[in-house]
>>> print(open('my_file_26.pdb').read())   # PDB, C-alpha atoms and all ligand atoms
MODEL        1
ATOM      1  CA  MET R   1      71.508 103.514 118.481  1.00  0.00           C
ATOM      2  CA  GLN R   2      70.748 100.847 115.913  1.00  0.00           C
ATOM      3  CA  SER R   3      69.311  97.460 116.743  1.00  0.00           C
ATOM      4  CA  LYS R   4      71.672  94.494 116.701  1.00  0.00           C
ATOM      5  CA  ILE R   5      69.890  92.983 113.701  1.00  0.00           C
ATOM      6  CA  VAL R   6      70.420  96.153 111.661  1.00  0.00           C
ATOM      7  CA  MET R   7      74.008  96.584 112.824  1.00  0.00           C
ATOM      8  CA  ASP R   8      74.809  92.962 111.958  1.00  0.00           C
ATOM      9  CA  ALA R   9      73.189  93.352 108.523  1.00  0.00           C
ATOM     10  CA  ILE R  10      75.125  96.520 107.727  1.00  0.00           C
ATOM     11  CA  ASN R  11      78.372  94.980 108.956  1.00  0.00           C
ATOM     12  CA  LYS R  12      77.742  91.941 106.761  1.00  0.00           C
ATOM     13  CA  VAL R  13      76.500  93.660 103.594  1.00  0.00           C
ATOM     14  CA  GLY R  14      78.064  97.112 103.708  1.00  0.00           C
ATOM     15  CA  ASP R  15      77.122 100.637 104.736  1.00  0.00           C
ATOM     16  CA  THR R  16      76.918 102.382 101.377  1.00  0.00           C
ATOM     17  CA  GLN R  17      73.634 103.614  99.933  1.00  0.00           C
ATOM     18  CA  ASP R  18      73.718 101.104  97.088  1.00  0.00           C
ATOM     19  CA  LYS R  19      73.468  98.300  99.657  1.00  0.00           C
ATOM     20  CA  LEU R  20      69.971  99.312 100.743  1.00  0.00           C
ATOM     21  CA  LEU R  21      68.111  96.406  99.142  1.00  0.00           C
ATOM     22  CA  GLU R  22      70.605  93.823 100.408  1.00  0.00           C
ATOM     23  CA  VAL R  23      70.433  95.252 103.929  1.00  0.00           C
ATOM     24  CA  LEU R  24      66.631  95.173 103.852  1.00  0.00           C
ATOM     25  CA  ILE R  25      66.650  91.530 102.736  1.00  0.00           C
ATOM     26  CA  GLU R  26      69.141  90.586 105.425  1.00  0.00           C
ATOM     27  CA  VAL R  27      67.249  92.389 108.186  1.00  0.00           C
ATOM     28  CA  GLN R  28      63.978  90.751 107.179  1.00  0.00           C
ATOM     29  CA  ALA R  29      65.625  87.319 107.116  1.00  0.00           C
ATOM     30  CA  GLN R  30      66.898  87.752 110.659  1.00  0.00           C
ATOM     31  CA  ALA R  31      63.939  89.556 112.205  1.00  0.00           C
ATOM     32  CA  PRO R  32      61.304  87.739 114.249  1.00  0.00           C
ATOM     33  CA  GLY R  33      57.997  88.019 112.430  1.00  0.00           C
ATOM     34  CA  ASN R  34      59.623  87.823 109.015  1.00  0.00           C
ATOM     35  CA  TYR R  35      59.310  91.555 108.346  1.00  0.00           C
ATOM     36  CA  ILE R  36      61.067  94.921 108.551  1.00  0.00           C
ATOM     37  CA  SER R  37      59.749  96.992 111.423  1.00  0.00           C
ATOM     38  CA  GLU R  38      59.432 100.764 111.409  1.00  0.00           C
ATOM     39  CA  THR R  39      62.229 100.924 113.978  1.00  0.00           C
ATOM     40  CA  SER R  40      64.460  98.842 111.727  1.00  0.00           C
ATOM     41  CA  LEU R  41      63.673 101.083 108.748  1.00  0.00           C
ATOM     42  CA  ARG R  42      64.726 104.119 110.788  1.00  0.00           C
ATOM     43  CA  ASP R  43      67.920 102.373 111.874  1.00  0.00           C
ATOM     44  CA  ILE R  44      68.703 101.325 108.298  1.00  0.00           C
ATOM     45  CA  ALA R  45      68.131 104.854 106.985  1.00  0.00           C
ATOM     46  CA  GLN R  46      70.426 106.223 109.657  1.00  0.00           C
ATOM     47  CA  GLY R  47      73.065 103.517 109.125  1.00  0.00           C
ATOM     48  CA  LEU R  48      73.189 104.021 105.354  1.00  0.00           C
ATOM     49  CA  ASN R  49      72.798 107.788 105.609  1.00  0.00           C
ATOM     50  CA  ILE R  50      69.719 107.904 103.402  1.00  0.00           C
ATOM     51  CA  PRO R  51      66.316 109.552 103.855  1.00  0.00           C
ATOM     52  CA  LEU R  52      63.785 107.435 105.739  1.00  0.00           C
ATOM     53  CA  SER R  53      61.370 107.917 102.829  1.00  0.00           C
ATOM     54  CA  LYS R  54      63.789 106.099 100.529  1.00  0.00           C
ATOM     55  CA  ALA R  55      64.043 103.116 102.895  1.00  0.00           C
ATOM     56  CA  TYR R  56      60.238 103.009 103.063  1.00  0.00           C
ATOM     57  CA  SER R  57      59.756 103.251  99.323  1.00  0.00           C
ATOM     58  CA  VAL R  58      62.216 100.440  98.537  1.00  0.00           C
ATOM     59  CA  ALA R  59      60.772  98.220 101.291  1.00  0.00           C
ATOM     60  CA  GLY R  60      57.301  98.846  99.899  1.00  0.00           C
ATOM     61  CA  PHE R  61      58.231  98.317  96.262  1.00  0.00           C
ATOM     62  CA  TYR R  62      59.443  94.715  96.352  1.00  0.00           C
ATOM     63  CA  SER R  63      56.843  92.016  96.995  1.00  0.00           C
ATOM     64  CA  MET R  64      59.482  89.870  98.686  1.00  0.00           C
ATOM     65  CA  LEU R  65      59.813  92.509 101.425  1.00  0.00           C
ATOM     66  CA  SER R  66      57.207  93.259 104.060  1.00  0.00           C
ATOM     67  CA  THR R  67      56.738  96.012 106.612  1.00  0.00           C
ATOM     68  CA  LYS R  68      53.913  94.022 108.174  1.00  0.00           C
ATOM     69  CA  GLU R  69      54.558  91.293 110.730  1.00  0.00           C
ATOM     70  CA  ARG R  70      54.091  87.830 109.239  1.00  0.00           C
ATOM     71  CA  GLY R  71      53.776  84.290 110.504  1.00  0.00           C
ATOM     72  CA  LYS R  72      56.474  81.754 111.272  1.00  0.00           C
ATOM     73  CA  TYR R  73      55.459  79.957 108.088  1.00  0.00           C
ATOM     74  CA  LEU R  74      55.223  82.299 105.124  1.00  0.00           C
ATOM     75  CA  ILE R  75      53.276  80.624 102.329  1.00  0.00           C
ATOM     76  CA  GLN R  76      53.709  82.445  99.038  1.00  0.00           C
ATOM     77  CA  ILE R  77      51.460  81.223  96.261  1.00  0.00           C
ATOM     78  CA  CYS R  78      52.534  82.042  92.730  1.00  0.00           C
ATOM     79  CA  ASN R  79      49.839  83.811  90.734  1.00  0.00           C
ATOM     80  CA  SER R  80      51.759  84.286  87.517  1.00  0.00           C
ATOM     81  CA  GLY R  81      50.433  82.771  84.293  1.00  0.00           C
ATOM     82  CA  PRO R  82      51.670  79.151  84.276  1.00  0.00           C
ATOM     83  CA  CYS R  83      50.772  78.589  87.931  1.00  0.00           C
ATOM     84  CA  TYR R  84      47.489  80.440  87.682  1.00  0.00           C
ATOM     85  CA  ILE R  85      46.216  78.372  84.760  1.00  0.00           C
ATOM     86  CA  ASN R  86      47.408  75.150  86.438  1.00  0.00           C
ATOM     87  CA  ARG R  87      44.944  75.261  89.337  1.00  0.00           C
ATOM     88  CA  GLY R  88      46.792  77.982  91.240  1.00  0.00           C
ATOM     89  CA  LYS R  89      43.509  79.578  92.277  1.00  0.00           C
ATOM     90  CA  ALA R  90      42.215  76.277  93.660  1.00  0.00           C
ATOM     91  CA  ILE R  91      45.444  75.836  95.619  1.00  0.00           C
ATOM     92  CA  ALA R  92      45.129  79.327  97.092  1.00  0.00           C
ATOM     93  CA  HIS R  93      41.526  78.604  98.037  1.00  0.00           C
ATOM     94  CA  ALA R  94      42.543  75.326  99.719  1.00  0.00           C
ATOM     95  CA  PHE R  95      45.115  77.128 101.864  1.00  0.00           C
ATOM     96  CA  GLU R  96      42.553  79.770 102.791  1.00  0.00           C
ATOM     97  CA  GLN R  97      40.052  77.109 103.777  1.00  0.00           C
ATOM     98  CA  VAL R  98      42.400  74.979 105.861  1.00  0.00           C
ATOM     99  CA  LEU R  99      43.902  78.005 107.645  1.00  0.00           C
ATOM    100  CA  GLY R 100      40.699  80.018 107.989  1.00  0.00           C
ATOM    101  CA  ILE R 101      42.306  83.204 106.651  1.00  0.00           C
ATOM    102  CA  LYS R 102      42.330  85.129 103.380  1.00  0.00           C
ATOM    103  CA  MET R 103      45.301  85.951 101.179  1.00  0.00           C
ATOM    104  CA  GLY R 104      47.429  88.648 102.810  1.00  0.00           C
ATOM    105  CA  GLU R 105      46.401  87.611 106.321  1.00  0.00           C
ATOM    106  CA  THR R 106      48.169  85.912 109.235  1.00  0.00           C
ATOM    107  CA  THR R 107      46.601  83.366 111.565  1.00  0.00           C
ATOM    108  CA  THR R 108      45.907  84.616 115.083  1.00  0.00           C
ATOM    109  CA  ASP R 109      48.507  82.212 116.512  1.00  0.00           C
ATOM    110  CA  LYS R 110      51.107  83.954 114.257  1.00  0.00           C
ATOM    111  CA  LEU R 111      52.056  80.648 112.670  1.00  0.00           C
ATOM    112  CA  PHE R 112      50.899  81.090 109.074  1.00  0.00           C
ATOM    113  CA  THR R 113      50.770  83.942 106.565  1.00  0.00           C
ATOM    114  CA  LEU R 114      49.306  83.603 103.088  1.00  0.00           C
ATOM    115  CA  GLU R 115      50.529  85.820 100.263  1.00  0.00           C
ATOM    116  CA  TYR R 116      50.430  85.870  96.511  1.00  0.00           C
ATOM    117  CA  THR R 117      53.745  86.274  94.771  1.00  0.00           C
ATOM    118  CA  SER R 118      54.900  86.582  91.198  1.00  0.00           C
ATOM    119  CA  CYS R 119      56.849  83.888  89.343  1.00  0.00           C
ATOM    120  CA  PHE R 120      59.887  82.602  91.228  1.00  0.00           C
ATOM    121  CA  GLY R 121      61.168  80.305  88.492  1.00  0.00           C
ATOM    122  CA  ALA R 122      59.418  77.043  89.317  1.00  0.00           C
ATOM    123  CA  CYS R 123      57.037  77.226  86.347  1.00  0.00           C
ATOM    124  CA  ASP R 124      58.016  73.721  85.198  1.00  0.00           C
ATOM    125  CA  VAL R 125      56.344  72.343  88.324  1.00  0.00           C
ATOM    126  CA  ALA R 126      53.293  74.639  88.308  1.00  0.00           C
ATOM    127  CA  PRO R 127      51.308  75.182  90.401  1.00  0.00           C
ATOM    128  CA  ALA R 128      54.039  76.065  92.856  1.00  0.00           C
ATOM    129  CA  ILE R 129      54.367  77.731  96.230  1.00  0.00           C
ATOM    130  CA  LYS R 130      57.223  78.831  98.423  1.00  0.00           C
ATOM    131  CA  LEU R 131      57.019  77.939 102.085  1.00  0.00           C
ATOM    132  CA  ASN R 132      59.677  80.123 103.660  1.00  0.00           C
ATOM    133  CA  ASP R 133      62.605  79.283 101.358  1.00  0.00           C
ATOM    134  CA  LYS R 134      61.454  75.853 100.219  1.00  0.00           C
ATOM    135  CA  VAL R 135      59.651  75.355  96.895  1.00  0.00           C
ATOM    136  CA  TYR R 136      56.760  72.899  96.568  1.00  0.00           C
ATOM    137  CA  GLY R 137      55.626  72.110  93.044  1.00  0.00           C
ATOM    138  CA  ASN R 138      52.955  70.088  91.225  1.00  0.00           C
ATOM    139  CA  LEU R 139      50.656  70.907  94.098  1.00  0.00           C
ATOM    140  CA  THR R 140      47.227  69.437  94.490  1.00  0.00           C
ATOM    141  CA  VAL R 141      44.521  70.554  96.886  1.00  0.00           C
ATOM    142  CA  ASN R 142      45.077  67.428  98.985  1.00  0.00           C
ATOM    143  CA  ARG R 143      48.820  68.029  99.131  1.00  0.00           C
ATOM    144  CA  ALA R 144      48.281  71.638 100.200  1.00  0.00           C
ATOM    145  CA  ILE R 145      46.046  70.511 103.063  1.00  0.00           C
ATOM    146  CA  GLN R 146      48.558  67.824 104.024  1.00  0.00           C
ATOM    147  CA  ILE R 147      51.408  70.374 104.179  1.00  0.00           C
ATOM    148  CA  ILE R 148      49.445  72.509 106.631  1.00  0.00           C
ATOM    149  CA  ASN R 149      48.345  69.546 108.727  1.00  0.00           C
ATOM    150  CA  ASP R 150      51.952  68.294 108.935  1.00  0.00           C
ATOM    151  CA  LEU R 151      53.178  71.735 110.054  1.00  0.00           C
ATOM    152  CA  LYS R 152      50.415  72.013 112.653  1.00  0.00           C
ATOM    153  CA  GLU R 153      51.273  68.532 113.909  1.00  0.00           C
ATOM    154  CA  GLY R 154      54.935  69.541 114.195  1.00  0.00           C
ATOM    155  CA  GLU R 155      53.969  72.516 116.358  1.00  0.00           C
ATOM    156  CA  LYS R 156      52.213  70.343 118.979  1.00  0.00           C
TER     157      LYS R 156
HETATM  158  S1  LIG R 201      54.659  80.911  86.996  1.00  0.00           S
HETATM  159 FE1  LIG R 201      54.603  80.137  89.015  1.00  0.00          FE
HETATM  160  S2  LIG R 201      56.667  79.785  89.507  1.00  0.00           S
HETATM  161 FE2  LIG R 201      56.715  80.594  87.495  1.00  0.00          FE
ENDMDL
END
>>> encode(input="my_file_26.pdb", output="structure tokens")
Amino acid sequence: MQSKIVMDAINKVGDTQDKLLEVLIEVQAQAPGNYISETSLRDIAQGLNIPLSKAYSVAGFYSMLSTKERGKYLIQICNSGPCYINRGKAIAHAFEQVLGIKMGETTTDKLFTLEYTSCFGACDVAPAIKLNDKVYGNLTVNRAIQIINDLKEGEK
């Protein structure tokens, strides 16, 4: 029996094998924790009639997908060339400092996850990050700290 999230995703996107990536994206978007659980991967493999190993390998291949639970706020810091040379490293460090975690980690309150990502097309406003689906560009260290403080304030 598949979970409702997986069933809804397959009903929305389609149940053929070529829909695997779209189903994975949809399941992740709807799942609490912003990730694709092992149970969901099994359900997807069953629903699309594909080997579980294929579902795992596709979920593991794309950096936009995660099989690890992530925070409510997913902060993805671009580390491709234009962002990297425009203070991207300093921005990443500022986020690590203000959140008290390293890249790839989630805060213990499950609110914030920090990840590096490759270019997502906002090079003209480098350095850029994605916070869930919203892009922030021309970031400074002070602005990065302010973003986190505003989100923390909103959670009170
Ligand atoms: S290089 Fe960072 S968004 Fe393109």
>>> residues_near_point(input="my_file_26.pdb", point="(73.5, 108.4, 103.2)", cutoff="12 Å", atoms="all atoms listed in the file", output="ChimeraX atom specification")
/R:15-20,43-52,54-55
>>> closest_residue(input="my_file_26.pdb", among="R:Ile148, R:Val58, R:Ala29, R:Val125", to="ligand LIG 201 (chain R)", atoms="only C-alpha atoms and all ligand atoms")
R:Val125
>>> closest_residue(input="my_file_26.pdb", among="R:Leu131, R:Cys123, R:Leu99, R:Ala92", to="ligand LIG 201 (chain R)", atoms="only C-alpha atoms and all ligand atoms")
R:Cys123
>>> resolve_selection(input="my_file_26.pdb", expression="the PyMOL selection byres (((not hetatm)) within 7 of (chain R and resi 201))", output="number ranges by chain")
R: 78-83, 118-123, 126-128
>>> resolve_selection(input="my_file_26.pdb", expression="the PyMOL selection byres (((chain R and resi 40) around 8) and not hetatm)", output="list in words")
Gln2, Ser3, Val6, Val27, Ile36, Ser37, Glu38, Thr39, Leu41, Arg42, Asp43 and Ile44 of chain R
>>> write_last_selection(input="my_file_26.pdb", atoms="C-alpha atoms", output="tab-separated table (two decimals), keeping the file's coordinate frame")
chain	number	residue	atom	x	y	z
R	2	GLN	CA	70.75	100.85	115.91
R	3	SER	CA	69.31	97.46	116.74
R	6	VAL	CA	70.42	96.15	111.66
R	27	VAL	CA	67.25	92.39	108.19
R	36	ILE	CA	61.07	94.92	108.55
R	37	SER	CA	59.75	96.99	111.42
R	38	GLU	CA	59.43	100.76	111.41
R	39	THR	CA	62.23	100.92	113.98
R	41	LEU	CA	63.67	101.08	108.75
R	42	ARG	CA	64.73	104.12	110.79
R	43	ASP	CA	67.92	102.37	111.87
R	44	ILE	CA	68.70	101.32	108.30
>>> residues_around(input="my_file_26.pdb", residues="R:Asp8", least_positions_apart="4", cutoff="10 Å", atoms="only C-alpha atoms", output="JSON, numbers by chain")
{"R": [2, 3, 4, 12, 13, 14, 23, 26, 27, 30]}
>>> atom_distance(input="my_file_26.pdb", atom1="atom CA of R:Ile25", atom2="atom CA of R:Thr107")
23.4 Å
>>> closest_residue(input="my_file_26.pdb", among="R:Asp124, R:Glu155, R:Asp133, R:Glu105", to="R:Lys68", atoms="all atoms listed in the file")
R:Glu105
>>> atom_distance(input="my_file_26.pdb", atom1="atom CA of R:Ala90", atom2="atom CA of R:Leu151")
20.2 Å
>>> closest_residue(input="my_file_26.pdb", among="R:Asn86, R:Ser63, R:Ser53, R:Gln28", to="R:Thr140", atoms="only C-alpha atoms")
R:Asn86
>>> residues_near_point(input="my_file_26.pdb", point="(45.9, 82.9, 108.4)", cutoff="8 Å", atoms="all atoms listed in the file", output="PyMOL selection string")
chain R and resi 96+99-103+105-108+110-114
>>> write_last_selection(input="my_file_26.pdb", atoms="C-alpha atoms", output="PDB file, keeping the file's coordinate frame")
ATOM      1  CA  GLU R  96      42.553  79.770 102.791  1.00  0.00           C
ATOM      2  CA  LEU R  99      43.902  78.005 107.645  1.00  0.00           C
ATOM      3  CA  GLY R 100      40.699  80.018 107.989  1.00  0.00           C
ATOM      4  CA  ILE R 101      42.306  83.204 106.651  1.00  0.00           C
ATOM      5  CA  LYS R 102      42.330  85.129 103.380  1.00  0.00           C
ATOM      6  CA  MET R 103      45.301  85.951 101.179  1.00  0.00           C
ATOM      7  CA  GLU R 105      46.401  87.611 106.321  1.00  0.00           C
ATOM      8  CA  THR R 106      48.169  85.912 109.235  1.00  0.00           C
ATOM      9  CA  THR R 107      46.601  83.366 111.565  1.00  0.00           C
ATOM     10  CA  THR R 108      45.907  84.616 115.083  1.00  0.00           C
ATOM     11  CA  LYS R 110      51.107  83.954 114.257  1.00  0.00           C
ATOM     12  CA  LEU R 111      52.056  80.648 112.670  1.00  0.00           C
ATOM     13  CA  PHE R 112      50.899  81.090 109.074  1.00  0.00           C
ATOM     14  CA  THR R 113      50.770  83.942 106.565  1.00  0.00           C
ATOM     15  CA  LEU R 114      49.306  83.603 103.088  1.00  0.00           C
TER      16      LEU R 114
END
>>> closest_residue(input="my_file_26.pdb", among="R:Leu21, R:Ile145, R:Ile77, R:Ile129", to="R:Ser57", atoms="only C-alpha atoms")
R:Leu21
>>> atom_distance(input="my_file_26.pdb", atom1="atom CA of R:Val141", atom2="atom CA of R:Tyr62")
28.4 Å
>>> closest_residue(input="my_file_26.pdb", among="R:Leu24, R:Ile10, R:Glu69, R:Ala144", to="R:Gly88", atoms="all atoms listed in the file")
R:Ala144
>>> decode(input="my_file_26.pdb", residues="stretch 78-102 of chain R", atoms="N, CA and C atoms", output="PDB file, in the first residue's frame")
ATOM      1  N   CYS R  78      24.913  28.741  -3.740  1.00  0.00           N
ATOM      2  CA  CYS R  78      25.550  28.395  -5.014  1.00  0.00           C
ATOM      3  C   CYS R  78      27.068  28.416  -4.858  1.00  0.00           C
ATOM      4  N   ASN R  79      27.716  27.356  -5.319  1.00  0.00           N
ATOM      5  CA  ASN R  79      29.185  27.350  -5.278  1.00  0.00           C
ATOM      6  C   ASN R  79      29.783  27.193  -6.672  1.00  0.00           C
ATOM      7  N   SER R  80      29.014  27.596  -7.669  1.00  0.00           N
ATOM      8  CA  SER R  80      29.565  27.622  -9.025  1.00  0.00           C
ATOM      9  C   SER R  80      30.371  28.907  -9.213  1.00  0.00           C
ATOM     10  N   GLY R  81      31.167  28.938 -10.268  1.00  0.00           N
ATOM     11  CA  GLY R  81      32.155  29.989 -10.487  1.00  0.00           C
ATOM     12  C   GLY R  81      31.766  31.417 -10.148  1.00  0.00           C
ATOM     13  N   PRO R  82      30.783  31.996 -10.844  1.00  0.00           N
ATOM     14  CA  PRO R  82      30.463  33.418 -10.600  1.00  0.00           C
ATOM     15  C   PRO R  82      30.096  33.715  -9.149  1.00  0.00           C
ATOM     16  N   CYS R  83      29.352  32.831  -8.508  1.00  0.00           N
ATOM     17  CA  CYS R  83      29.000  33.062  -7.105  1.00  0.00           C
ATOM     18  C   CYS R  83      30.217  32.858  -6.207  1.00  0.00           C
ATOM     19  N   TYR R  84      30.979  31.832  -6.515  1.00  0.00           N
ATOM     20  CA  TYR R  84      32.132  31.518  -5.665  1.00  0.00           C
ATOM     21  C   TYR R  84      33.129  32.666  -5.626  1.00  0.00           C
ATOM     22  N   ILE R  85      33.401  33.251  -6.804  1.00  0.00           N
ATOM     23  CA  ILE R  85      34.400  34.337  -6.826  1.00  0.00           C
ATOM     24  C   ILE R  85      33.816  35.659  -6.350  1.00  0.00           C
ATOM     25  N   ASN R  86      32.501  35.731  -6.186  1.00  0.00           N
ATOM     26  CA  ASN R  86      31.861  36.946  -5.656  1.00  0.00           C
ATOM     27  C   ASN R  86      31.476  36.755  -4.190  1.00  0.00           C
ATOM     28  N   ARG R  87      32.395  36.337  -3.391  1.00  0.00           N
ATOM     29  CA  ARG R  87      32.211  36.221  -1.936  1.00  0.00           C
ATOM     30  C   ARG R  87      31.292  35.079  -1.520  1.00  0.00           C
ATOM     31  N   GLY R  88      31.063  34.123  -2.392  1.00  0.00           N
ATOM     32  CA  GLY R  88      30.190  33.005  -2.031  1.00  0.00           C
ATOM     33  C   GLY R  88      30.671  32.246  -0.808  1.00  0.00           C
ATOM     34  N   LYS R  89      31.976  32.089  -0.683  1.00  0.00           N
ATOM     35  CA  LYS R  89      32.543  31.374   0.459  1.00  0.00           C
ATOM     36  C   LYS R  89      32.261  32.135   1.758  1.00  0.00           C
ATOM     37  N   ALA R  90      32.403  33.453   1.700  1.00  0.00           N
ATOM     38  CA  ALA R  90      32.145  34.269   2.897  1.00  0.00           C
ATOM     39  C   ALA R  90      30.665  34.193   3.290  1.00  0.00           C
ATOM     40  N   ILE R  91      29.800  34.122   2.299  1.00  0.00           N
ATOM     41  CA  ILE R  91      28.365  34.014   2.579  1.00  0.00           C
ATOM     42  C   ILE R  91      28.078  32.663   3.250  1.00  0.00           C
ATOM     43  N   ALA R  92      28.666  31.610   2.707  1.00  0.00           N
ATOM     44  CA  ALA R  92      28.468  30.282   3.302  1.00  0.00           C
ATOM     45  C   ALA R  92      28.957  30.273   4.744  1.00  0.00           C
ATOM     46  N   HIS R  93      30.107  30.884   4.975  1.00  0.00           N
ATOM     47  CA  HIS R  93      30.673  30.929   6.321  1.00  0.00           C
ATOM     48  C   HIS R  93      29.746  31.705   7.263  1.00  0.00           C
ATOM     49  N   ALA R  94      29.171  32.800   6.770  1.00  0.00           N
ATOM     50  CA  ALA R  94      28.262  33.600   7.608  1.00  0.00           C
ATOM     51  C   ALA R  94      27.040  32.774   8.019  1.00  0.00           C
ATOM     52  N   PHE R  95      26.491  32.021   7.092  1.00  0.00           N
ATOM     53  CA  PHE R  95      25.343  31.169   7.431  1.00  0.00           C
ATOM     54  C   PHE R  95      25.753  30.107   8.453  1.00  0.00           C
ATOM     55  N   GLU R  96      26.926  29.531   8.260  1.00  0.00           N
ATOM     56  CA  GLU R  96      27.387  28.518   9.220  1.00  0.00           C
ATOM     57  C   GLU R  96      27.530  29.120  10.616  1.00  0.00           C
ATOM     58  N   GLN R  97      28.085  30.312  10.662  1.00  0.00           N
ATOM     59  CA  GLN R  97      28.306  30.965  11.956  1.00  0.00           C
ATOM     60  C   GLN R  97      26.997  31.294  12.651  1.00  0.00           C
ATOM     61  N   VAL R  98      26.067  31.898  11.929  1.00  0.00           N
ATOM     62  CA  VAL R  98      24.827  32.352  12.559  1.00  0.00           C
ATOM     63  C   VAL R  98      23.932  31.171  12.945  1.00  0.00           C
ATOM     64  N   LEU R  99      24.048  30.060  12.215  1.00  0.00           N
ATOM     65  CA  LEU R  99      23.210  28.892  12.523  1.00  0.00           C
ATOM     66  C   LEU R  99      23.915  27.875  13.421  1.00  0.00           C
ATOM     67  N   GLY R 100      25.227  27.976  13.513  1.00  0.00           N
ATOM     68  CA  GLY R 100      25.974  27.034  14.350  1.00  0.00           C
ATOM     69  C   GLY R 100      26.039  25.634  13.772  1.00  0.00           C
ATOM     70  N   ILE R 101      25.961  25.524  12.453  1.00  0.00           N
ATOM     71  CA  ILE R 101      26.073  24.221  11.780  1.00  0.00           C
ATOM     72  C   ILE R 101      27.018  24.360  10.589  1.00  0.00           C
ATOM     73  N   LYS R 102      27.442  23.228  10.064  1.00  0.00           N
ATOM     74  CA  LYS R 102      28.285  23.210   8.868  1.00  0.00           C
ATOM     75  C   LYS R 102      27.417  22.907   7.642  1.00  0.00           C
TER      76      LYS R 102
END
